[in-house]
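Colleague: Handing over structure_38.csv, CSV, N, CA and C atoms.
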chain,number,residue,atom,x,y,z
A,999,MET,N,-15.8,-9.7,39.5
A,999,MET,CA,-15.7,-8.4,39.0
A,999,MET,C,-14.3,-8.2,38.2
A,1000,LYS,N,-13.2,-8.6,38.9
A,1000,LYS,CA,-11.9,-8.5,38.2
A,1000,LYS,C,-11.8,-9.3,37.0
A,1001,VAL,N,-12.4,-10.5,37.0
A,1001,VAL,CA,-12.4,-11.4,35.9
A,1001,VAL,C,-13.1,-10.8,34.7
A,1002,SER,N,-14.3,-10.2,35.0
A,1002,SER,CA,-15.1,-9.6,34.0
A,1002,SER,C,-14.3,-8.4,33.3
A,1003,PHE,N,-13.7,-7.6,34.2
A,1003,PHE,CA,-12.9,-6.5,33.6
A,1003,PHE,C,-11.7,-7.0,32.8
A,1004,MET,N,-11.0,-8.0,33.2
A,1004,MET,CA,-9.9,-8.6,32.5
A,1004,MET,C,-10.4,-9.1,31.1
A,1005,LEU,N,-11.5,-9.8,31.1
A,1005,LEU,CA,-12.1,-10.4,29.9
A,1005,LEU,C,-12.4,-9.3,28.9
A,1006,LEU,N,-13.1,-8.3,29.4
A,1006,LEU,CA,-13.5,-7.1,28.6
A,1006,LEU,C,-12.2,-6.5,28.0
A,1007,ALA,N,-11.2,-6.3,28.8
A,1007,ALA,CA,-10.0,-5.6,28.3
A,1007,ALA,C,-9.3,-6.5,27.3
A,1008,MET,N,-9.3,-7.8,27.5
A,1008,MET,CA,-8.6,-8.7,26.5
A,1008,MET,C,-9.4,-8.7,25.2
A,1009,LEU,N,-10.7,-8.7,25.2
A,1009,LEU,CA,-11.5,-8.7,24.0
A,1009,LEU,C,-11.4,-7.4,23.3
A,1010,SER,N,-11.2,-6.3,24.0
A,1010,SER,CA,-11.0,-4.9,23.4
A,1010,SER,C,-9.7,-4.9,22.6
A,1011,PHE,N,-8.6,-5.5,23.2
A,1011,PHE,CA,-7.3,-5.5,22.6
A,1011,PHE,C,-7.3,-6.5,21.4
A,1012,ALA,N,-8.1,-7.5,21.5
A,1012,ALA,CA,-8.1,-8.5,20.5
A,1012,ALA,C,-8.7,-7.9,19.2
A,1013,GLY,N,-9.6,-7.0,19.3
A,1013,GLY,CA,-10.2,-6.3,18.1
A,1013,GLY,C,-9.1,-5.5,17.4
A,1014,LEU,N,-8.1,-5.1,18.0
A,1014,LEU,CA,-7.0,-4.3,17.4
A,1014,LEU,C,-5.9,-5.1,16.9
A,1015,CYS,N,-5.9,-6.4,17.1
A,1015,CYS,CA,-4.8,-7.3,16.8
A,1015,CYS,C,-4.8,-7.6,15.3
A,1016,LEU,N,-3.6,-8.0,14.8
A,1016,LEU,CA,-3.3,-8.5,13.5
A,1016,LEU,C,-2.2,-7.8,12.8
A,1017,VAL,N,-2.3,-6.5,12.7
A,1017,VAL,CA,-1.3,-5.7,12.0
A,1017,VAL,C,-0.4,-5.0,13.0
A,1018,GLY,N,0.9,-5.1,12.8
A,1018,GLY,CA,1.8,-4.4,13.7
A,1018,GLY,C,2.8,-3.6,12.9
A,1019,CYS,N,3.3,-2.6,13.5
A,1019,CYS,CA,4.3,-1.7,12.9
A,1019,CYS,C,5.6,-1.7,13.8
A,1020,ARG,N,6.7,-1.7,13.1
A,1020,ARG,CA,7.9,-1.5,13.8
A,1020,ARG,C,8.6,-0.3,13.2
A,1021,ILE,N,9.0,0.7,13.9
A,1021,ILE,CA,9.6,1.9,13.4
A,1021,ILE,C,11.0,1.9,13.8
A,1022,GLU,N,11.9,2.0,12.8
A,1022,GLU,CA,13.3,2.0,13.1
A,1022,GLU,C,14.0,3.0,12.2
A,1023,GLN,N,15.2,3.5,12.6
A,1023,GLN,CA,15.9,4.5,11.9
A,1023,GLN,C,16.7,3.8,10.8
A,1024,GLU,N,16.8,4.5,9.7
A,1024,GLU,CA,17.7,4.1,8.6
A,1024,GLU,C,18.7,5.2,8.3
A,1025,THR,N,19.9,4.8,8.1
A,1025,THR,CA,21.0,5.9,8.1
A,1025,THR,C,20.9,6.7,6.8
A,1026,SER,N,20.5,6.2,5.7
A,1026,SER,CA,20.3,7.0,4.5
A,1026,SER,C,19.1,6.6,3.8
A,1027,PRO,N,17.9,7.2,4.2
A,1027,PRO,CA,16.6,6.8,3.6
A,1027,PRO,C,16.5,7.0,2.2
A,1028,THR,N,17.2,7.9,1.5
A,1028,THR,CA,17.1,8.1,0.1
A,1028,THR,C,18.0,7.3,-0.7
A,1029,GLY,N,18.9,6.5,-0.1
A,1029,GLY,CA,19.8,5.7,-0.8
A,1029,GLY,C,21.2,6.1,-0.6
A,1030,PRO,N,22.2,5.3,-1.0
A,1030,PRO,CA,23.6,5.6,-0.7
A,1030,PRO,C,24.0,6.8,-1.6
A,1031,GLY,N,24.7,7.7,-1.0
A,1031,GLY,CA,25.3,8.8,-1.8
A,1031,GLY,C,24.4,10.0,-2.0
A,1032,THR,N,23.1,9.9,-1.7
A,1032,THR,CA,22.2,11.0,-2.0
A,1032,THR,C,21.9,11.9,-0.8
A,1033,GLY,N,22.5,11.5,0.3
A,1033,GLY,CA,22.3,12.4,1.5
A,1033,GLY,C,20.9,12.2,2.1
A,1034,GLY,N,20.7,12.9,3.2
A,1034,GLY,CA,19.4,12.8,3.9
A,1034,GLY,C,18.3,13.5,3.1
A,1035,GLY,N,17.2,13.7,3.7
A,1035,GLY,CA,16.1,14.4,3.1
A,1035,GLY,C,14.9,14.2,3.9
A,1036,GLN,N,13.8,14.8,3.4
A,1036,GLN,CA,12.5,14.7,4.1
A,1036,GLN,C,11.8,13.5,3.6
A,1037,VAL,N,12.2,12.3,4.0
A,1037,VAL,CA,11.6,11.1,3.5
A,1037,VAL,C,11.3,10.1,4.7
A,1038,ILE,N,10.3,9.3,4.5
A,1038,ILE,CA,9.9,8.2,5.4
A,1038,ILE,C,9.8,7.0,4.5
A,1039,LYS,N,10.4,5.9,4.9
A,1039,LYS,CA,10.3,4.7,4.1
A,1039,LYS,C,9.3,3.7,4.7
A,1040,PHE,N,8.5,3.1,3.9
A,1040,PHE,CA,7.4,2.2,4.3
A,1040,PHE,C,7.7,0.8,3.6
A,1041,GLU,N,7.5,-0.3,4.4
A,1041,GLU,CA,7.6,-1.6,3.8
A,1041,GLU,C,6.6,-2.5,4.5
A,1042,ASN,N,5.9,-3.2,3.6
A,1042,ASN,CA,4.8,-4.1,4.1
A,1042,ASN,C,5.4,-5.5,3.9
A,1043,ILE,N,5.7,-6.2,5.0
A,1043,ILE,CA,6.3,-7.5,5.0
A,1043,ILE,C,5.3,-8.6,5.5
A,1044,THR,N,4.0,-8.2,5.5
A,1044,THR,CA,3.0,-9.2,5.9
A,1044,THR,C,2.9,-10.3,4.8
A,1045,ARG,N,2.3,-11.4,5.2
A,1045,ARG,CA,2.1,-12.5,4.3
A,1045,ARG,C,0.8,-12.4,3.4
A,1046,SER,N,-0.2,-11.6,3.9
A,1046,SER,CA,-1.4,-11.6,3.1
A,1046,SER,C,-2.3,-10.3,3.4
A,1047,ILE,N,-1.7,-9.2,3.9
A,1047,ILE,CA,-2.5,-8.0,4.2
A,1047,ILE,C,-2.0,-6.8,3.4
A,1048,PRO,N,-2.7,-6.4,2.4
A,1048,PRO,CA,-2.4,-5.2,1.7
A,1048,PRO,C,-2.8,-4.0,2.7
A,1049,VAL,N,-2.2,-2.9,2.6
A,1049,VAL,CA,-2.5,-1.8,3.5
A,1049,VAL,C,-2.6,-0.5,2.7
A,1050,LEU,N,-3.3,0.5,3.3
A,1050,LEU,CA,-3.5,1.8,2.8
A,1050,LEU,C,-2.8,2.7,3.8
A,1051,VAL,N,-1.9,3.6,3.4
A,1051,VAL,CA,-1.1,4.5,4.3
A,1051,VAL,C,-1.6,5.9,4.0
A,1052,LYS,N,-1.9,6.6,5.0
A,1052,LYS,CA,-2.3,8.0,4.9
A,1052,LYS,C,-1.4,8.9,5.8
A,1053,ILE,N,-0.9,10.0,5.2
A,1053,ILE,CA,-0.1,11.0,5.9
A,1053,ILE,C,-0.8,12.3,5.7
A,1054,PRO,N,-1.8,12.6,6.5
A,1054,PRO,CA,-2.6,13.8,6.2
A,1054,PRO,C,-1.9,15.1,6.1
A,1055,ASP,N,-0.9,15.4,7.0
A,1055,ASP,CA,-0.2,16.7,7.0
A,1055,ASP,C,0.7,16.9,5.8
A,1056,ALA,N,1.1,15.8,5.2
A,1056,ALA,CA,1.9,15.9,4.0
A,1056,ALA,C,1.1,15.6,2.7
A,1057,HIS,N,-0.2,15.4,2.8
A,1057,HIS,CA,-1.2,15.2,1.7
A,1057,HIS,C,-0.8,14.0,0.9
A,1058,HIS,N,-0.4,12.9,1.6
A,1058,HIS,CA,-0.1,11.6,0.9
A,1058,HIS,C,-1.1,10.6,1.3
A,1059,GLU,N,-1.4,9.8,0.3
A,1059,GLU,CA,-2.2,8.6,0.5
A,1059,GLU,C,-1.8,7.6,-0.5
A,1060,PHE,N,-1.4,6.3,-0.1
A,1060,PHE,CA,-1.0,5.3,-1.1
A,1060,PHE,C,-1.2,4.0,-0.5
A,1061,GLU,N,-1.3,3.0,-1.5
A,1061,GLU,CA,-1.5,1.6,-1.1
A,1061,GLU,C,-0.1,0.9,-1.1
A,1062,LEU,N,0.0,-0.1,-0.3
A,1062,LEU,CA,1.2,-1.0,-0.3
A,1062,LEU,C,0.7,-2.4,-0.3
A,1063,ALA,N,1.1,-3.1,-1.4
A,1063,ALA,CA,0.7,-4.5,-1.5
A,1063,ALA,C,1.6,-5.3,-0.6
A,1064,VAL,N,1.4,-6.6,-0.5
A,1064,VAL,CA,2.2,-7.5,0.3
A,1064,VAL,C,3.6,-7.5,-0.3
A,1065,ASN,N,4.6,-7.4,0.6
A,1065,ASN,CA,6.0,-7.4,0.2
A,1065,ASN,C,6.4,-6.2,-0.7
A,1066,GLU,N,5.7,-5.1,-0.6
A,1066,GLU,CA,6.0,-3.9,-1.3
A,1066,GLU,C,6.7,-2.9,-0.4
A,1067,LYS,N,7.6,-2.1,-1.0
A,1067,LYS,CA,8.3,-1.0,-0.3
A,1067,LYS,C,8.1,0.3,-1.0
A,1068,LYS,N,8.1,1.4,-0.3
A,1068,LYS,CA,7.9,2.7,-0.9
A,1068,LYS,C,8.6,3.8,0.0
A,1069,THR,N,9.4,4.6,-0.7
A,1069,THR,CA,10.0,5.8,0.0
A,1069,THR,C,9.2,7.0,-0.4
A,1070,VAL,N,8.7,7.8,0.6
A,1070,VAL,CA,7.8,8.9,0.4
A,1070,VAL,C,8.5,10.2,0.8
A,1071,GLU,N,8.5,11.2,0.0
A,1071,GLU,CA,9.0,12.5,0.4
A,1071,GLU,C,7.9,13.2,1.1
A,1072,VAL,N,8.2,13.8,2.3
A,1072,VAL,CA,7.2,14.4,3.1
A,1072,VAL,C,7.6,15.9,3.4
A,1073,TYR,N,6.7,16.8,3.2
A,1073,TYR,CA,6.9,18.2,3.5
A,1073,TYR,C,5.7,18.8,4.1
A,1074,SER,N,5.8,19.7,5.0
A,1074,SER,CA,4.7,20.4,5.5
A,1074,SER,C,4.9,21.9,5.5
A,1075,GLU,N,3.9,22.7,5.4
A,1075,GLU,CA,4.1,24.1,5.3
A,1075,GLU,C,4.7,24.7,6.6
A,1076,GLU,N,4.5,24.0,7.7
A,1076,GLU,CA,5.1,24.4,9.0
A,1076,GLU,C,6.5,23.9,9.2
A,1077,GLY,N,7.1,23.1,8.2
A,1077,GLY,CA,8.4,22.6,8.4
A,1077,GLY,C,8.5,21.5,9.4
A,1078,ALA,N,7.5,20.7,9.6
A,1078,ALA,CA,7.5,19.6,10.5
A,1078,ALA,C,8.4,18.5,10.1
A,1079,THR,N,9.0,17.8,11.1
A,1079,THR,CA,9.8,16.7,10.9
A,1079,THR,C,9.2,15.4,11.5
A,1080,VAL,N,8.1,15.5,12.1
A,1080,VAL,CA,7.3,14.4,12.6
A,1080,VAL,C,5.9,14.5,12.0
A,1081,PHE,N,5.4,13.4,11.5
A,1081,PHE,CA,4.2,13.3,10.8
A,1081,PHE,C,3.2,12.3,11.4
A,1082,TYR,N,1.9,12.6,11.5
A,1082,TYR,CA,0.9,11.7,11.9
A,1082,TYR,C,0.6,10.8,10.7
A,1083,VAL,N,0.6,9.5,11.0
A,1083,VAL,CA,0.5,8.4,10.0
A,1083,VAL,C,-0.7,7.5,10.4
A,1084,GLU,N,-1.5,7.1,9.4
A,1084,GLU,CA,-2.6,6.1,9.6
A,1084,GLU,C,-2.3,5.0,8.7
A,1085,ILE,N,-2.4,3.7,9.1
A,1085,ILE,CA,-2.2,2.6,8.3
A,1085,ILE,C,-3.4,1.7,8.5
A,1086,PHE,N,-4.1,1.4,7.4
A,1086,PHE,CA,-5.3,0.6,7.4
A,1086,PHE,C,-5.1,-0.7,6.7
A,1087,GLU,N,-5.8,-1.8,7.2
A,1087,GLU,CA,-5.9,-3.0,6.4
A,1087,GLU,C,-6.7,-2.6,5.1
A,1088,ASN,N,-6.3,-3.1,4.0
A,1088,ASN,CA,-6.9,-2.6,2.7
A,1088,ASN,C,-7.3,-3.8,1.8
A,1089,PHE,N,-8.2,-4.6,2.3
A,1089,PHE,CA,-8.7,-5.8,1.5
A,1089,PHE,C,-9.7,-5.3,0.5
A,1090,PRO,N,-9.6,-5.8,-0.7
A,1090,PRO,CA,-10.6,-5.4,-1.8
A,1090,PRO,C,-12.0,-5.5,-1.3
A,1091,GLY,N,-12.8,-4.5,-1.6
A,1091,GLY,CA,-14.3,-4.6,-1.2
A,1091,GLY,C,-14.6,-4.3,0.2
A,1092,ARG,N,-13.6,-4.1,1.1
A,1092,ARG,CA,-13.9,-3.8,2.5
A,1092,ARG,C,-14.0,-2.3,2.7
A,1093,ASP,N,-15.0,-1.9,3.5
A,1093,ASP,CA,-15.2,-0.5,3.9
A,1093,ASP,C,-14.0,-0.1,4.8
A,1094,ILE,N,-13.3,0.9,4.3
A,1094,ILE,CA,-12.1,1.4,5.1
A,1094,ILE,C,-12.4,1.9,6.4
A,1095,SER,N,-13.6,2.4,6.6
A,1095,SER,CA,-14.0,3.0,7.9
A,1095,SER,C,-14.2,1.9,9.0
A,1096,THR,N,-14.3,0.7,8.6
A,1096,THR,CA,-14.4,-0.4,9.5
A,1096,THR,C,-13.2,-1.3,9.6
A,1097,ALA,N,-12.2,-1.0,8.8
A,1097,ALA,CA,-10.9,-1.8,8.7
A,1097,ALA,C,-10.1,-1.6,10.0
A,1098,ARG,N,-9.3,-2.6,10.3
A,1098,ARG,CA,-8.4,-2.4,11.4
A,1098,ARG,C,-7.3,-1.4,11.0
A,1099,ARG,N,-6.8,-0.7,12.0
A,1099,ARG,CA,-5.8,0.3,11.7
A,1099,ARG,C,-4.8,0.6,12.8
A,1100,TRP,N,-3.7,1.2,12.4
A,1100,TRP,CA,-2.7,1.7,13.4
A,1100,TRP,C,-2.5,3.2,13.1
A,1101,THR,N,-2.4,4.0,14.2
A,1101,THR,CA,-2.1,5.4,14.0
A,1101,THR,C,-1.0,5.7,15.0
A,1102,GLY,N,-0.2,6.7,14.5
A,1102,GLY,CA,0.9,7.2,15.4
A,1102,GLY,C,1.7,8.2,14.7
A,1103,PHE,N,2.8,8.6,15.3
A,1103,PHE,CA,3.7,9.7,14.7
A,1103,PHE,C,5.0,9.1,14.3
A,1104,VAL,N,5.5,9.5,13.1
A,1104,VAL,CA,6.7,9.0,12.6
A,1104,VAL,C,7.6,10.1,12.2
A,1105,ALA,N,8.9,10.1,12.6
A,1105,ALA,CA,9.8,11.2,12.3
A,1105,ALA,C,10.4,10.9,10.9
A,1106,VAL,N,10.8,12.0,10.3
A,1106,VAL,CA,11.5,11.9,9.0
A,1106,VAL,C,12.8,11.1,9.2
A,1107,GLY,N,13.1,10.3,8.2
A,1107,GLY,CA,14.3,9.5,8.2
A,1107,GLY,C,14.1,8.1,8.9
A,1108,LYS,N,12.9,7.8,9.2
A,1108,LYS,CA,12.6,6.5,9.9
A,1108,LYS,C,12.0,5.5,8.8
A,1109,VAL,N,12.1,4.2,9.2
A,1109,VAL,CA,11.5,3.2,8.3
A,1109,VAL,C,10.4,2.6,9.1
A,1110,VAL,N,9.2,2.5,8.5
A,1110,VAL,CA,8.0,1.9,9.1
A,1110,VAL,C,7.9,0.5,8.4
A,1111,THR,N,8.0,-0.5,9.2
A,1111,THR,CA,7.9,-1.9,8.8
A,1111,THR,C,6.5,-2.4,9.3
A,1112,ILE,N,5.7,-2.8,8.4
A,1112,ILE,CA,4.4,-3.4,8.7
A,1112,ILE,C,4.5,-4.9,8.7
A,1113,ARG,N,4.2,-5.5,9.8
A,1113,ARG,CA,4.4,-6.9,9.9
A,1113,ARG,C,3.1,-7.5,10.5
A,1114,GLN,N,2.9,-8.8,10.3
A,1114,GLN,CA,1.8,-9.5,10.8
A,1114,GLN,C,2.1,-10.2,12.1
A,1115,ARG,N,1.3,-9.9,13.1
A,1115,ARG,CA,1.6,-10.4,14.5
A,1115,ARG,C,0.2,-10.8,15.1
A,1116,LEU,N,0.3,-11.3,16.3
A,1116,LEU,CA,-1.0,-11.6,17.0
A,1116,LEU,C,-1.6,-10.3,17.5
A,1117,CYS,N,-0.8,-9.3,17.8
A,1117,CYS,CA,-1.3,-8.1,18.3
A,1117,CYS,C,-0.4,-6.9,17.8
A,1118,ILE,N,-0.9,-5.7,17.8
A,1118,ILE,CA,-0.1,-4.6,17.4
A,1118,ILE,C,1.1,-4.4,18.3
A,1119,GLN,N,2.3,-4.2,17.8
A,1119,GLN,CA,3.5,-4.0,18.6
A,1119,GLN,C,4.3,-2.9,17.9
A,1120,ILE,N,4.6,-1.9,18.7
A,1120,ILE,CA,5.3,-0.8,18.2
A,1120,ILE,C,6.7,-0.8,18.8
A,1121,GLU,N,7.7,-0.6,18.0
A,1121,GLU,CA,9.1,-0.6,18.5
A,1121,GLU,C,9.8,0.7,17.8
A,1122,ILE,N,10.4,1.5,18.6
A,1122,ILE,CA,11.1,2.7,18.1
A,1122,ILE,C,12.6,2.5,18.4
A,1123,HIS,N,13.4,2.6,17.3
A,1123,HIS,CA,14.9,2.4,17.5
A,1123,HIS,C,15.6,3.6,17.0
A,1124,ASP,N,16.6,4.0,17.7
A,1124,ASP,CA,17.5,5.1,17.3
A,1124,ASP,C,18.6,4.7,16.5
Could you write out this structure as structure tokens?

Modeller:
Amino acid sequence: MKVSFMLLAMLSFAGLCLVGCRIEQETSPTGPGTGGGQVIKFENITRSIPVLVKIPDAHHEFELAVNEKKTVEVYSEEGATVFYVEIFENFPGRDISTARRWTGFVAVGKVVTIRQRLCIQIEIHD
């Protein structure tokens, strides 16, 4: 019984594996001398996985190719400083509703690094 449960749990987690995100703070996300701001920086450092990034509350949706970086200005009508983010594998011709994904919350001023791993791993650094 325990072996069956462990096997089922491992298979469930294996389905979520491949893309990982590491979230870390950057001291000046808009660049040197420009001060802070309502921005989140994204970088895709995978070897072969393009991604689609959605930030629903800020009405942003964009693609990141392999080794691409993008700084995004985020604002909400409620003045939020933490945003819900969805990151999907975005291979050409694949239905996005069946693609592997990561979801979570990211604070303004953070850097989201998308890396290729055996399993999803989240790290938050101050």

Colleague: For a test of reading the model, state the distance in Å between atom N of Val1083 (chain A) and atom N of Pro1054 (chain A), rounded to one decimal.

Modeller: 6.0 Å

Colleague: Quick one: residues within 6.5 Å of Val1072 (chain A), all atoms listed in the file, excluding same-chain residues fewer than 6 positions away - as a PyMOL selection string?

Modeller: chain A and resi 1036-1038+1056

Colleague: Using only N, CA and C atoms, can you tell me which of A:Ala1105, A:Asp1055, A:Leu1062, A:Arg1045 comes closest to Asn1088 (chain A)?

Modeller: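 For Asn1088 (chain A), the nearest of the candidates is A:Leu1062.
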
Colleague: Select, from A:Phe1040, A:Glu1076, A:Lys1068, A:His1057, the residue with the minimum atom-to-atom distance to Val1104 (chain A), counting only C-alpha atoms.

Modeller: A:Phe1040

Colleague: Could you tell me how far atom C of Val1051 (chain A) sits from atom C of Gln1114 (chain A), in Å to one decimal place?

Modeller: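 Atom C of Val1051 (chain A) lies 18.4 Å from atom C of Gln1114 (chain A).
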
Colleague: Please, what distance in Å, to one decimal, runs between CA of Arg1098 (chain A) and CA of Glu1071 (chain A)?

Modeller: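 Atom-to-atom, CA of Arg1098 (chain A) and CA of Glu1071 (chain A) are spaced 25.4 Å apart.
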
Colleague: Between A:Leu1050, A:Val1064, A:Ile1085, A:Val1070, which has the minimum distance to Phe1103 (chain A) (counting only C-alpha atoms)?

Modeller: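 With only C-alpha atoms as the atom set, the closest residue is A:Ile1085.
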
Colleague: Which of these residues is nearest to Arg1099 (chain A), using only C-alpha atoms: A:Lys1039, A:Arg1115, A:Val1049, A:Val1080?

Modeller: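 Of all the options, A:Val1049 lies closest to Arg1099 (chain A).
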
Colleague: Tell me, as a PyMOL selection string, which residues lie within 6 Å of Asn1042 (chain A), counting all atoms listed in the file; anything in the same chain fewer than 2 positions away does not count.

Modeller: chain A and resi 1040+1044+1063-1067+1111-1113
